[in-house]
Amino acid sequence: MDACNTYYYATRDPLGASGDFTTAPEISQMFGELVGAALADCWVRAGSPADAIYAELGPGRGTLAADALRVLRRAGFAAGVHLVETSPALRSAQAARVPDAIWHDSIAELPQVPLLLVANEFLDALPVRQFAGGVERRVTVAAGGLAFDRDGDIVETSPARDEAVAALATHIGGHGGAALMVDYGHAKSAPGDTLQAVRGHKFAPVLADPGDQDLTAHVDFEAVAKSATAAGAEVTPLVKQGAWLERLGIAARATVLARTHPDRAEEVARAQHRLCDPEQMGALFKVVAIHAPDWPPPAGLAR
Ligand code: SAH
């Protein structure tokens, strides 16, 4: 999964209608604007520390960063933009939208200052391990392609994800800041095979075309919370994306956008529905924040 995704992201921009999948920030500017508003509000309530930076993990095309930064800049946030991205193809897409950004290969490389961080559909792309009957399941070469070496009831873990969350939480616990993590997944750890492949906006067999389809697994948010807490950060309750965007005022933003761009009113309404409706992205996608003990929890996520 690690090797396939490294190749996959390094060799293409997979987002949008002509790609394999689409994400919340690509659906509407409202998503990034509300992320920016939540981070701006958190920063102001933390006392507007001048050394805090905007940071993002796996920023895709840079659309979310550009939309969030528009709002943050208006709130007086003037500091730098740091993007953690390994794909050269996506780094150049990001440079077109956020020309003043500084790129890093890992969370460990971020400057040792408070973070205003967001990661949308980043954790789901990190590799998982699967166990059947307590034995790790492996991929073998079989007649006609790749195959799993064993079947049975699957338990998934993601050491890579646990490590990324621990690195982020250690940073935030030590230097301050808040991180919004948005992804599809479940609130409680549970057995089950959630590995999936998507190509051309359709599910595909997971072992087909290695490196040429998007491989993800659902995020175990209980494991995320455990890892973050153990590393010394605070973790908010998990909130469904739809409820969170509504608490942050997506309806009001949609009304203003529709009024100022009447030709786009229908598109704005469709986007709001897609982001918030429980049958669309509203319930499967969830939001949690990791924050420093002396920073407030971001709006819409407080206990
Ligand atoms: N956040 C964007 C893109 C999500 S796709 C959006 O919402 O549209 C996943 C992103 O994570 C891509 O930018 C991909 O290149 C990046 N990525 C995947 N694995 C990574 C890793 N190990 N380190 C850094 N970035 C990674």
# chains A, B, ... in the order shown; residues from 1 in each chain; ligands from 1
call {"tool": "closest_atom_pairs", "arguments": {"of": "chain A", "to": "ligand 1", "cutoff": "6 Å", "atoms": "only C-alpha atoms and all ligand atoms", "output": "JSON lines"}}
result
{"residue": "A:Tyr9", "atom": "CA", "partner": "ligand 1", "partner_atom_place_in_ligand_line": "15 (O)", "distance": 4.9}
{"residue": "A:Thr23", "atom": "CA", "partner": "ligand 1", "partner_atom_place_in_ligand_line": "8 (O)", "distance": 4.8}
{"residue": "A:Pro25", "atom": "CA", "partner": "ligand 1", "partner_atom_place_in_ligand_line": "7 (O)", "distance": 5.7}
{"residue": "A:Gly58", "atom": "CA", "partner": "ligand 1", "partner_atom_place_in_ligand_line": "11 (O)", "distance": 3.2}
{"residue": "A:Pro59", "atom": "CA", "partner": "ligand 1", "partner_atom_place_in_ligand_line": "1 (N)", "distance": 4.1}
{"residue": "A:Gly60", "atom": "CA", "partner": "ligand 1", "partner_atom_place_in_ligand_line": "3 (C)", "distance": 3.4}
{"residue": "A:Val84", "atom": "CA", "partner": "ligand 1", "partner_atom_place_in_ligand_line": "24 (C)", "distance": 5.5}
{"residue": "A:Glu85", "atom": "CA", "partner": "ligand 1", "partner_atom_place_in_ligand_line": "25 (N)", "distance": 4.0}
{"residue": "A:Thr86", "atom": "CA", "partner": "ligand 1", "partner_atom_place_in_ligand_line": "24 (C)", "distance": 4.6}
{"residue": "A:Ser87", "atom": "CA", "partner": "ligand 1", "partner_atom_place_in_ligand_line": "15 (O)", "distance": 4.8}
{"residue": "A:Asn120", "atom": "CA", "partner": "ligand 1", "partner_atom_place_in_ligand_line": "1 (N)", "distance": 4.3}
{"residue": "A:Glu121", "atom": "CA", "partner": "ligand 1", "partner_atom_place_in_ligand_line": "4 (C)", "distance": 4.7}
{"residue": "A:Phe122", "atom": "CA", "partner": "ligand 1", "partner_atom_place_in_ligand_line": "11 (O)", "distance": 4.7}
{"residue": "A:Ala125", "atom": "CA", "partner": "ligand 1", "partner_atom_place_in_ligand_line": "18 (C)", "distance": 5.4}
{"residue": "A:Leu126", "atom": "CA", "partner": "ligand 1", "partner_atom_place_in_ligand_line": "19 (N)", "distance": 5.7}
call {"tool": "write_last_selection", "arguments": {"atoms": "C-alpha atoms", "output": "PDB file, in the first residue's frame"}}
result
ATOM      1  CA  TYR A   9       0.634  10.256  -5.974  1.00  0.00           C
ATOM      2  CA  THR A  23     -12.548  15.822  -2.121  1.00  0.00           C
ATOM      3  CA  PRO A  25     -12.237  21.361  -0.842  1.00  0.00           C
ATOM      4  CA  GLY A  58      -1.234  16.125   2.064  1.00  0.00           C
ATOM      5  CA  PRO A  59      -2.596  19.368   0.559  1.00  0.00           C
ATOM      6  CA  GLY A  60      -3.654  17.882  -2.807  1.00  0.00           C
ATOM      7  CA  VAL A  84       3.912  18.470   4.104  1.00  0.00           C
ATOM      8  CA  GLU A  85       3.757  16.775   0.711  1.00  0.00           C
ATOM      9  CA  THR A  86       5.847  14.000  -0.818  1.00  0.00           C
ATOM     10  CA  SER A  87       4.449  14.064  -4.370  1.00  0.00           C
ATOM     11  CA  ASN A 120      -8.179  16.480   4.867  1.00  0.00           C
ATOM     12  CA  GLU A 121      -8.126  12.928   3.524  1.00  0.00           C
ATOM     13  CA  PHE A 122      -4.478  12.514   4.523  1.00  0.00           C
ATOM     14  CA  ALA A 125      -3.884   7.370   2.406  1.00  0.00           C
ATOM     15  CA  LEU A 126      -1.339   6.069   4.931  1.00  0.00           C
TER      16      LEU A 126
END
call {"tool": "select_by_dssp", "arguments": {"residues": "stretch 17-209 of chain A", "states": "helix (DSSP H, G or I)", "output": "PyMOL selection string"}}
result
chain A and resi 24-27+29-45+63-74+88-97+107-109+123-125+159-175
call {"tool": "select_by_dssp", "arguments": {"residues": "stretch 15-244 of chain A", "states": "strand (DSSP E or B)", "output": "VMD selection string"}}
result
chain A and resid 15 21 53 to 57 81 to 84 102 to 104 115 to 120 129 to 132 135 to 136 139 to 142 145 to 148 154 to 157 177 to 186 196 to 199 202 to 204 214 to 216 219 to 220 234 to 235 239 to 240
call {"tool": "write_last_selection", "arguments": {"atoms": "C-alpha atoms", "output": "short mmCIF file (atom, residue, chain, number, x, y, z; two decimals), in the first residue's frame"}}
result
data_model
loop_
_atom_site.label_atom_id
_atom_site.label_comp_id
_atom_site.auth_asym_id
_atom_site.auth_seq_id
_atom_site.Cartn_x
_atom_site.Cartn_y
_atom_site.Cartn_z
CA LEU A 15 -8.25 14.85 -8.12
CA PHE A 21 -11.71 10.97 -6.90
CA ILE A 53 2.28 29.05 11.11
CA TYR A 54 -0.36 27.60 8.78
CA ALA A 55 0.47 23.97 8.03
CA GLU A 56 -1.21 21.26 6.01
CA LEU A 57 -0.63 17.52 5.56
CA VAL A 81 2.60 28.50 5.04
CA HIS A 82 4.21 25.06 5.43
CA LEU A 83 3.02 22.10 3.37
CA VAL A 84 3.91 18.47 4.10
CA ILE A 102 7.51 26.11 2.04
CA TRP A 103 7.47 22.32 1.47
CA HIS A 104 8.49 19.49 3.78
CA LEU A 115 0.73 25.12 14.27
CA LEU A 116 -2.61 25.98 12.71
CA LEU A 117 -2.85 22.71 10.84
CA VAL A 118 -5.37 20.90 8.70
CA ALA A 119 -5.29 17.44 7.14
CA ASN A 120 -8.18 16.48 4.87
CA ARG A 129 -1.60 -3.77 7.99
CA GLN A 130 -4.19 -6.53 8.09
CA PHE A 131 -4.29 -9.61 10.34
CA ALA A 132 -6.36 -12.77 9.86
CA VAL A 135 -1.30 -13.63 11.48
CA GLU A 136 -0.40 -10.74 9.18
CA VAL A 139 0.24 -9.99 -0.82
CA THR A 140 1.73 -12.68 -3.05
CA VAL A 141 2.17 -13.06 -6.78
CA ALA A 142 -0.29 -15.64 -8.06
CA GLY A 145 -1.81 -11.22 -10.78
CA LEU A 146 -1.60 -10.41 -7.07
CA ALA A 147 -3.45 -12.28 -4.32
CA PHE A 148 -3.77 -12.25 -0.53
CA ILE A 154 -9.65 -9.13 9.34
CA VAL A 155 -8.26 -6.81 11.98
CA GLU A 156 -6.56 -3.66 10.63
CA THR A 157 -3.89 -1.51 12.23
CA GLY A 177 -1.34 24.92 18.20
CA ALA A 178 -4.35 23.04 16.92
CA ALA A 179 -4.84 20.49 14.14
CA LEU A 180 -8.09 19.67 12.34
CA MET A 181 -8.21 16.13 10.96
CA VAL A 182 -11.03 15.38 8.50
CA ASP A 183 -11.50 11.91 7.07
CA TYR A 184 -13.81 8.97 6.59
CA GLY A 185 -13.74 6.43 9.31
CA HIS A 186 -15.27 5.13 12.51
CA GLN A 196 -10.50 0.11 -0.77
CA ALA A 197 -9.37 1.10 -4.23
CA VAL A 198 -10.89 3.85 -6.34
CA ARG A 199 -10.23 4.56 -9.99
CA LYS A 202 -15.53 3.92 -9.08
CA PHE A 203 -14.53 1.23 -6.60
CA ALA A 204 -12.07 -1.28 -8.04
CA ASP A 214 -6.09 5.23 -5.16
CA LEU A 215 -5.72 2.93 -2.14
CA THR A 216 -7.21 4.06 1.17
CA VAL A 219 -9.53 5.89 9.74
CA ASP A 220 -9.87 4.37 13.20
CA GLU A 234 -5.75 17.10 23.98
CA VAL A 235 -8.31 15.56 21.65
CA VAL A 239 -18.09 15.26 15.07
CA LYS A 240 -19.70 14.33 11.76
#
call {"tool": "residues_around", "arguments": {"residues": "A:Gly173", "least_positions_apart": "4", "cutoff": "12 Å", "atoms": "only C-alpha atoms", "output": "PyMOL selection string"}}
result
chain A and resi 112-115+165-169+177-179+228-235+290-295
call {"tool": "residues_around", "arguments": {"residues": "A:Gln272", "least_positions_apart": "6", "cutoff": "12 Å", "atoms": "only C-alpha atoms", "output": "ChimeraX atom specification"}}
result
/A:24-25,27-31,241-243,245-246,249-255,257-258,265-266,278,280-282
call {"tool": "write_last_selection", "arguments": {"atoms": "N, CA, C and O atoms", "output": "compact mmCIF listing (two decimals), in the first residue's frame"}}
result
# COMPACT_ATOMS: atom_id res chain seq x y z
N ALA A 24 -13.62 17.23 -0.47
CA ALA A 24 -14.45 18.35 0.00
C ALA A 24 -13.97 19.72 -0.49
O ALA A 24 -14.77 20.50 -1.01
N PRO A 25 -12.65 20.03 -0.37
CA PRO A 25 -12.24 21.36 -0.84
C PRO A 25 -12.40 21.56 -2.35
O PRO A 25 -12.55 22.70 -2.81
N ILE A 27 -14.93 20.31 -4.00
CA ILE A 27 -16.38 20.43 -4.24
C ILE A 27 -16.81 21.88 -4.09
O ILE A 27 -17.60 22.38 -4.88
N SER A 28 -16.28 22.55 -3.05
CA SER A 28 -16.69 23.94 -2.84
C SER A 28 -15.67 24.72 -2.03
O SER A 28 -15.09 24.19 -1.07
N GLN A 29 -15.52 26.00 -2.35
CA GLN A 29 -14.67 26.91 -1.59
C GLN A 29 -15.15 27.05 -0.15
O GLN A 29 -14.39 27.45 0.74
N MET A 30 -16.46 26.73 0.08
CA MET A 30 -17.01 26.89 1.44
C MET A 30 -16.27 26.03 2.45
O MET A 30 -16.12 26.40 3.61
N PHE A 31 -15.82 24.84 2.01
CA PHE A 31 -15.14 23.93 2.93
C PHE A 31 -13.86 24.59 3.47
O PHE A 31 -13.67 24.70 4.68
N GLN A 241 -18.92 15.45 9.74
CA GLN A 241 -18.61 16.61 8.91
C GLN A 241 -19.82 17.52 8.68
O GLN A 241 -19.70 18.75 8.74
N GLY A 242 -20.96 16.93 8.41
CA GLY A 242 -22.16 17.73 8.12
C GLY A 242 -22.53 18.61 9.31
O GLY A 242 -22.76 19.82 9.17
N ALA A 243 -22.57 18.01 10.50
CA ALA A 243 -22.93 18.76 11.71
C ALA A 243 -21.91 19.84 11.98
O ALA A 243 -22.26 20.97 12.35
N LEU A 245 -19.86 21.44 9.81
CA LEU A 245 -19.97 22.56 8.85
C LEU A 245 -21.21 23.40 9.15
O LEU A 245 -21.19 24.63 9.00
N GLU A 246 -22.29 22.75 9.59
CA GLU A 246 -23.50 23.51 9.94
C GLU A 246 -23.26 24.38 11.16
O GLU A 246 -23.66 25.54 11.20
N GLY A 249 -21.54 27.49 10.27
CA GLY A 249 -22.29 28.48 9.50
C GLY A 249 -22.28 28.29 8.00
O GLY A 249 -22.36 29.27 7.24
N ILE A 250 -22.22 27.04 7.53
CA ILE A 250 -22.20 26.84 6.07
C ILE A 250 -23.48 27.37 5.41
O ILE A 250 -23.42 27.88 4.27
N ALA A 251 -24.60 27.33 6.11
CA ALA A 251 -25.86 27.80 5.51
C ALA A 251 -25.78 29.30 5.23
O ALA A 251 -26.18 29.76 4.14
N ALA A 252 -25.23 30.05 6.19
CA ALA A 252 -25.11 31.50 6.01
C ALA A 252 -24.12 31.82 4.87
O ALA A 252 -24.36 32.71 4.05
N ARG A 253 -23.02 31.06 4.82
CA ARG A 253 -22.03 31.30 3.76
C ARG A 253 -22.63 30.99 2.39
O ARG A 253 -22.39 31.71 1.42
N ALA A 254 -23.42 29.92 2.31
CA ALA A 254 -24.06 29.54 1.05
C ALA A 254 -25.03 30.62 0.60
O ALA A 254 -25.11 30.95 -0.59
N THR A 255 -25.77 31.18 1.55
CA THR A 255 -26.74 32.24 1.22
C THR A 255 -26.01 33.45 0.62
O THR A 255 -26.43 34.01 -0.40
N LEU A 257 -22.99 33.53 -0.80
CA LEU A 257 -22.40 33.19 -2.11
C LEU A 257 -23.46 33.17 -3.20
O LEU A 257 -23.22 33.65 -4.31
N ALA A 258 -24.62 32.64 -2.88
CA ALA A 258 -25.70 32.55 -3.87
C ALA A 258 -26.23 33.96 -4.22
O ALA A 258 -26.59 34.23 -5.37
N ALA A 265 -25.98 29.94 -7.97
CA ALA A 265 -26.80 29.60 -6.79
C ALA A 265 -27.07 28.09 -6.71
O ALA A 265 -26.98 27.49 -5.64
N GLU A 266 -27.39 27.51 -7.86
CA GLU A 266 -27.73 26.08 -7.86
C GLU A 266 -26.52 25.22 -7.49
O GLU A 266 -26.62 24.26 -6.74
N PRO A 278 -26.33 13.52 5.28
CA PRO A 278 -25.84 12.24 5.83
C PRO A 278 -25.74 11.13 4.78
O PRO A 278 -24.94 10.21 4.94
N GLN A 280 -24.72 11.70 1.78
CA GLN A 280 -23.58 12.06 0.94
C GLN A 280 -22.31 12.00 1.80
O GLN A 280 -22.00 10.93 2.29
N MET A 281 -21.62 13.12 2.00
CA MET A 281 -20.38 13.08 2.79
C MET A 281 -20.59 13.43 4.26
O MET A 281 -19.67 13.32 5.06
N GLY A 282 -21.80 13.87 4.61
CA GLY A 282 -22.04 14.48 5.92
C GLY A 282 -21.84 13.58 7.12
O GLY A 282 -21.45 14.05 8.20
call {"tool": "decode", "arguments": {"residues": "stretch 222-256 of chain A", "atoms": "C-alpha atoms", "output": "short mmCIF file (atom, residue, chain, number, x, y, z; two decimals), in the first residue's frame"}}
result
data_model
loop_
_atom_site.label_atom_id
_atom_site.label_comp_id
_atom_site.auth_asym_id
_atom_site.auth_seq_id
_atom_site.Cartn_x
_atom_site.Cartn_y
_atom_site.Cartn_z
CA GLU A 222 -10.25 5.79 18.50
CA ALA A 223 -6.66 4.84 17.60
CA VAL A 224 -6.00 8.46 16.49
CA ALA A 225 -7.28 9.81 19.83
CA LYS A 226 -5.21 7.27 21.81
CA SER A 227 -2.05 8.08 19.91
CA ALA A 228 -2.55 11.86 20.29
CA THR A 229 -3.38 11.69 24.00
CA ALA A 230 -0.39 9.45 24.73
CA ALA A 231 1.85 12.02 23.01
CA GLY A 232 0.64 14.82 25.31
CA ALA A 233 -2.03 16.67 23.32
CA GLU A 234 -5.75 17.10 23.98
CA VAL A 235 -8.31 15.56 21.65
CA THR A 236 -11.82 16.91 21.04
CA PRO A 237 -14.91 14.76 20.56
CA LEU A 238 -15.39 13.40 17.04
CA VAL A 239 -18.09 15.26 15.07
CA LYS A 240 -19.70 14.33 11.76
CA GLN A 241 -18.61 16.61 8.91
CA GLY A 242 -22.16 17.73 8.12
CA ALA A 243 -22.93 18.76 11.71
CA TRP A 244 -19.55 20.49 12.04
CA LEU A 245 -19.97 22.56 8.85
CA GLU A 246 -23.50 23.51 9.94
CA ARG A 247 -22.24 24.63 13.37
CA LEU A 248 -19.61 26.76 11.62
CA GLY A 249 -22.29 28.48 9.50
CA ILE A 250 -22.20 26.84 6.07
CA ALA A 251 -25.86 27.80 5.51
CA ALA A 252 -25.11 31.50 6.01
CA ARG A 253 -22.03 31.30 3.76
CA ALA A 254 -24.06 29.54 1.05
CA THR A 255 -26.74 32.24 1.22
CA VAL A 256 -24.14 35.02 0.76
#
